[in-house]
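Data block below; observations after.
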Amino acid sequence: MLVPSLKVQDLIEEIRGAKTQAQEREVIQKECAHIRASFRDGDPLHRHRQLAKLLYVHMLGYPAHFGQMECLKLIASPRFTDKRVGYLGAMLLLDERQDAHLLITNSIKNDLSQGTQAVQGLALCTLSTMGSAEMCRDLATEVEKLLLQPSPYVRKKAVLTAVHMIRKVPELSTIFLPPCAQLLHERHHGILLGTITLIMELCERSPAALKHFRKVVPQLVQILRTLLTTGYSTEHSISGVSDPFLQVQILRLLRILGRNHEESSETMNDLLAQVLAVNILGRFLLNSDKNIRYVALTSLLRLVQSDHSAVQRHRPTVVECLQEPDTSLSRRALELSLALVNSSNVRAMTQELQGFLQSCPTDLRADCASGILLAAERYAPTKRWHIDTILRVLTTAGAHVRDDAVANLTQLIGGAQELHAYSVRRLYCALAEDISQQPLVQVAAWCIGEYGDLLLEGSCEEIEPLQVEEEEVLALLERVLQSHMSLPATRGYALTALMKLSTRLRGDNNRIRQVVSIYGSCLDVELQQRAVEYDTLFRKYDHMRAAILEKMPLVERGGPQVDEEAKESKEEARLLEAAPVPTEPQASKLLDLLDLLDGPSEDAQHPRPLDPSPGGALVHLLDLPCAPPPAAPIPNLKVFEREGLQLSLSFVRPPETPALLLITVTATNTSGGDVTHFICQAAVPKFPAAATGPQWGHSSSSGWPSDDPAPQNPQS
Amino acid sequence: MYKSSNSTCPSTFVIIFLIKDILPEEIQQQIVRETFHLVLKRDDNICNFLEGGSLIGGSDYKLIYRHYATLYFVFCVDSSESELGILDLIQVFVETLDKCFENVCELDLIFHMDKVHYILQEVVMGGMVLETNMNEIVAQMEAQNRLEKSEGGLSAAPARAVSAVKNINLPEIPRNINIGDLNIKVPNLSQFV
């Protein structure tokens with residue numbers, strides 16, 4: 001019995017009538033079974049209806065792959081109705097990944113060459129949506145023929161199909177390049193639009209095409225001018241602008257053609273002056289329409305790289321946009337504001353940005369915080385302002401800053417001796433109010449540990465006098481240790497700080513000793529280890545405690561932290577940003593320096609240009625593993641002696657530049673014979689700066705042959 | 001291609017992909033799901049662009065949408081498209097739909113999704129803008145519909161009946177016919193008018 005199949009509309013009604021997801025599924029499954037049966041039976045009359053139903057079901061998200069072959073059959077049918085649905089099905093259900101897709105190539109070919117306009121349109125549409133590379137290759141000539149057809153409907157579709165084909169098979173550019181010039185003479189906007197897209201695609205792919213199309217710049221300018229002045233046709237206008245889509249495409253193409261090319265740019269110039277300029281973007285920012293403001297912000301962001309000063313003019317307006325309730329807009333405004341910060345406006349901008357940080361939505365906080373910190377690092381007018389800024393950011397958005405903010409701040413504070421008292425006071429107050437923001441707590445703990453004595457002294461000009469008792473400080477640190485909000489790393493900071501305070505405070509250390517010994521049985525292994533070591537320090541090595549827990553030396557920014565005291569207490573090193581200076585590789589590099597007579601060295605080590613580093617690190621060049629380097633003048637070192645050749649190093653610190661250390665290598669030949677092929681090359685490890693001077697002196701008494709080639713200095 | 005929402009969602013979404021490469025099916029479904037959540041949350045007075053790496057697994061697609069009564073038209077584009085241009089394109093598309101369906105409403109889109117596809121094919125092809133002239137598009141659609149009707153069409157007989165009914169000036173249809181004790185409820189014929 002032939003059950004009359006549901007009409008499409010009826011099926012849709014049924015599906016919409018389903019009250020639950022399960023019911024809907026049931027209806028659809030039942031119908032799909034019918035459809036499958038109908039496909040098997042091969043009923044040609046209703047095939048299109050079945051496929052239409054299947055496509056609706058597919059749109060709702062249900063599987064519909066069994067309809068793929070039916071699409072083929074429908075496309076091959078002579079009826080327009082069938083073809084329409086068939087091609088639609090092909091576009092929705094078939095793509096390159098299905099094997100079946102190649103089977104429609106032949107049908108498309110027939111339709112392209114013999115079909116009516118509408119059918120040709122369908123075929124082109126399908127080809128440009130899901131045409132794979134093989135299909136494009138097969139059908140390229142057909143499409144090319146259609147470019148010259150009389151009907152504009154077909155031609156505009158053919159042009160866009162050509163664009164798709166070029167994207168899939170770049171070699172086809174050669175076929176589609178010649179017709180372009182002629183197509184530009186069209187009056188039909190659809191064809192023009194497609195042609196310009198085609199030319200853009202060709203130009204992007206080949207510089208030769210780019211050169212070729214520079215010739216058409218005058219023509220493009222003409223079209224644009226006509227559009228702007230008279231209005232090609234009123235039916236294309238949108239909000240009073242005649243065919244903005246075409247105008248925009250022409251502008252895009254002009255931009256590509258005019259890049260780096262004087263002549264084309266000249267031709268375009270006066271026309272473009274009529275069109276928008278940067279100044280108008282500022283006006284857009286004040287527009288009440290949110291979309292326009294968004295686009296203005298995006299464009300300004302792109303401009304700020306190339307024309308910074310022009311965009312600066314709009315800074316106040318941009319900053320106002322930060323207050324937008326719309327997150328897309330405020331995100332753009334944030335990016336633009338950060339890009340606009342420079343040394344002259346850094347104080348004002350940071351003020352605004354910090355205000356924003358307090359009220360901004362959480363997803364923007366991390367970006368805002370890191371942006372402020374970065375800007376502060378680059379443009380800070382004074383160290384105190386810098387410290388204040390970082391402190392404020394940590395207090396407001398501590399949870400969202402990057403991990404290296406802590407290290408940066410400690411390094412900054414460490415390097416600013418005059419601000420130690422100020423910093424420690426401010427950090428103490430901040431910590432006393434709030435011990436939940438981990439980065440803040442870590443920095444504060446470190447600071448209090450280091451400069452606790454300054455905290456207790458009570459007087460500092462820059463901040464109101466604060467009377468702090470020893471007991472309060474210890475109590476605060478203990479609170480941090482015990483708080484469940486503190487991370488293990490934070491606890492480590494607090495414990496070490498307590499330890500350091502044992503040498504800084506004047507009172508007795510019983511309380512500290514108590515805390516330390518309690519943590520000796522803490523469950524956290526790290527804390528336990530620290531506590532046990534500190535406890536041992538108290539009990540057995542009390543005489544060394546003061547030396548070990550001395551204050552950190554001043555560090556200059558940019559250099560690696562120098563850990564001069566207590567190589568034994570590794571905990572201290574962990575608090576620092578950079579790894580402790582590796583001394584083993586230093587020693588081996590030193591020996592390489594001296595391996596001179598083992599044949600000519602093949603590869604000269606080229607020392608790269610380096611930042612000046614603190615004097616302490618330079619001394620490490622010579623630091624042999626055990627002895628701490630002395631700061632006093634370094635005696636000459638005889639470093640090499642073999643078969644009569646002696647090398648010695650002498651060190652001089654010029655008084656004007658104490659950060660500089662001059663090392664002179666003296667080679668002495670005490671053997672009876674001559675030394676030939678003497679090549680001296682300096683290999684320096686990366687971070688200390690070294691410059692080998694051009695002065696090489698020969699002392700003739702050592703018996704060098706006179707035609708000795710001048711020693712090669714690889715750097716000169 | 002376009003996707004529409006499930007019948008369970010109160011607003012109808014029409015999501016159109018305007019990108020160069022075809023996205024695999026899973027990604028499409030993901031975009032559709034994410035779009036519902038994101039666009040529904042938006043107020044009416046914020047801008048119509050949704051972007052950000054968190055959307056759609058960190059790719060550079062953005063969503064540009066317009067809200068008409070209970071309908072949301074969402075275009076998913078890649079970064080090379082201009083946002084305001086796409087807003088205009090949505091407007092053109094909706095106006096064209098309006099002309100083709102005569103005061104288009106949600107139900108038209110749901111019950112005639114194939115026609116929506118055909119109209120879309122005239123505006124956008126292969127991820128690129130094809131034609132923005134409404135009159136041309138409407139003329140083309142009418143020609144094709146006539147072709148279909150002459151061949152028999154999807155729902156030929158009812159279609160002819162409907163157009164016949166439309167031309168008759170029917171008197172006011174009573175809701176209930178009361179004859180003595182009988183009370184006959186007249187079925188709702190509004191879908192044919």
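Chain identifiers are assigned as A, B, and so on, following the order in which chains appear in the structure tokens; residues are numbered from 1 within each chain, and ligands are numbered from 1 in order of appearance.
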
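Every protein, DNA or RNA residue with an atom at most 8 Å from Ser79 of chain B, where only C-alpha atoms count and chain neighbours fewer than 4 positions away do not, is listed here: Asp60, Tyr61 and Lys62 of chain B.
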
If you keep C-alpha atoms, can you produce a file of those selected residues as an mmCIF file, in the first residue's frame?
data_model
loop_
_atom_site.group_PDB
_atom_site.id
_atom_site.type_symbol
_atom_site.label_atom_id
_atom_site.label_comp_id
_atom_site.auth_asym_id
_atom_site.auth_seq_id
_atom_site.Cartn_x
_atom_site.Cartn_y
_atom_site.Cartn_z
ATOM 1 C CA ASP B 60 39.482 34.633 13.989
ATOM 2 C CA TYR B 61 35.826 34.496 13.072
ATOM 3 C CA LYS B 62 33.503 37.127 14.398
#

Among segment 114-185 of chain A, which ones does DSSP place in alpha helix (DSSP H), written as a ChimeraX atom specification? /A:114,117-130,133-146,152-168,173-176,178-183

Please, which residues in chain A fall within 6 Å of chain B when counting only C-alpha atoms, and what is the closest atom pair and distance in Å to one decimal for each, ordered by chain then residue number, as a tab-separated table?
residue	atom	partner	partner_atom	distance
A:Arg16	CA	B:Ser7	CA	5.9
A:Met59	CA	B:Lys3	CA	5.8
A:Thr81	CA	B:Glu148	CA	5.4
A:Ser128	CA	B:Gly126	CA	5.0
A:Thr129	CA	B:Gly126	CA	4.4
A:Gly190	CA	B:Glu131	CA	5.2
A:His236	CA	B:Asn133	CA	5.4
A:Lys290	CA	B:Cys47	CA	4.9
A:Asn291	CA	B:Cys47	CA	4.9
A:Asp326	CA	B:Ile46	CA	5.5
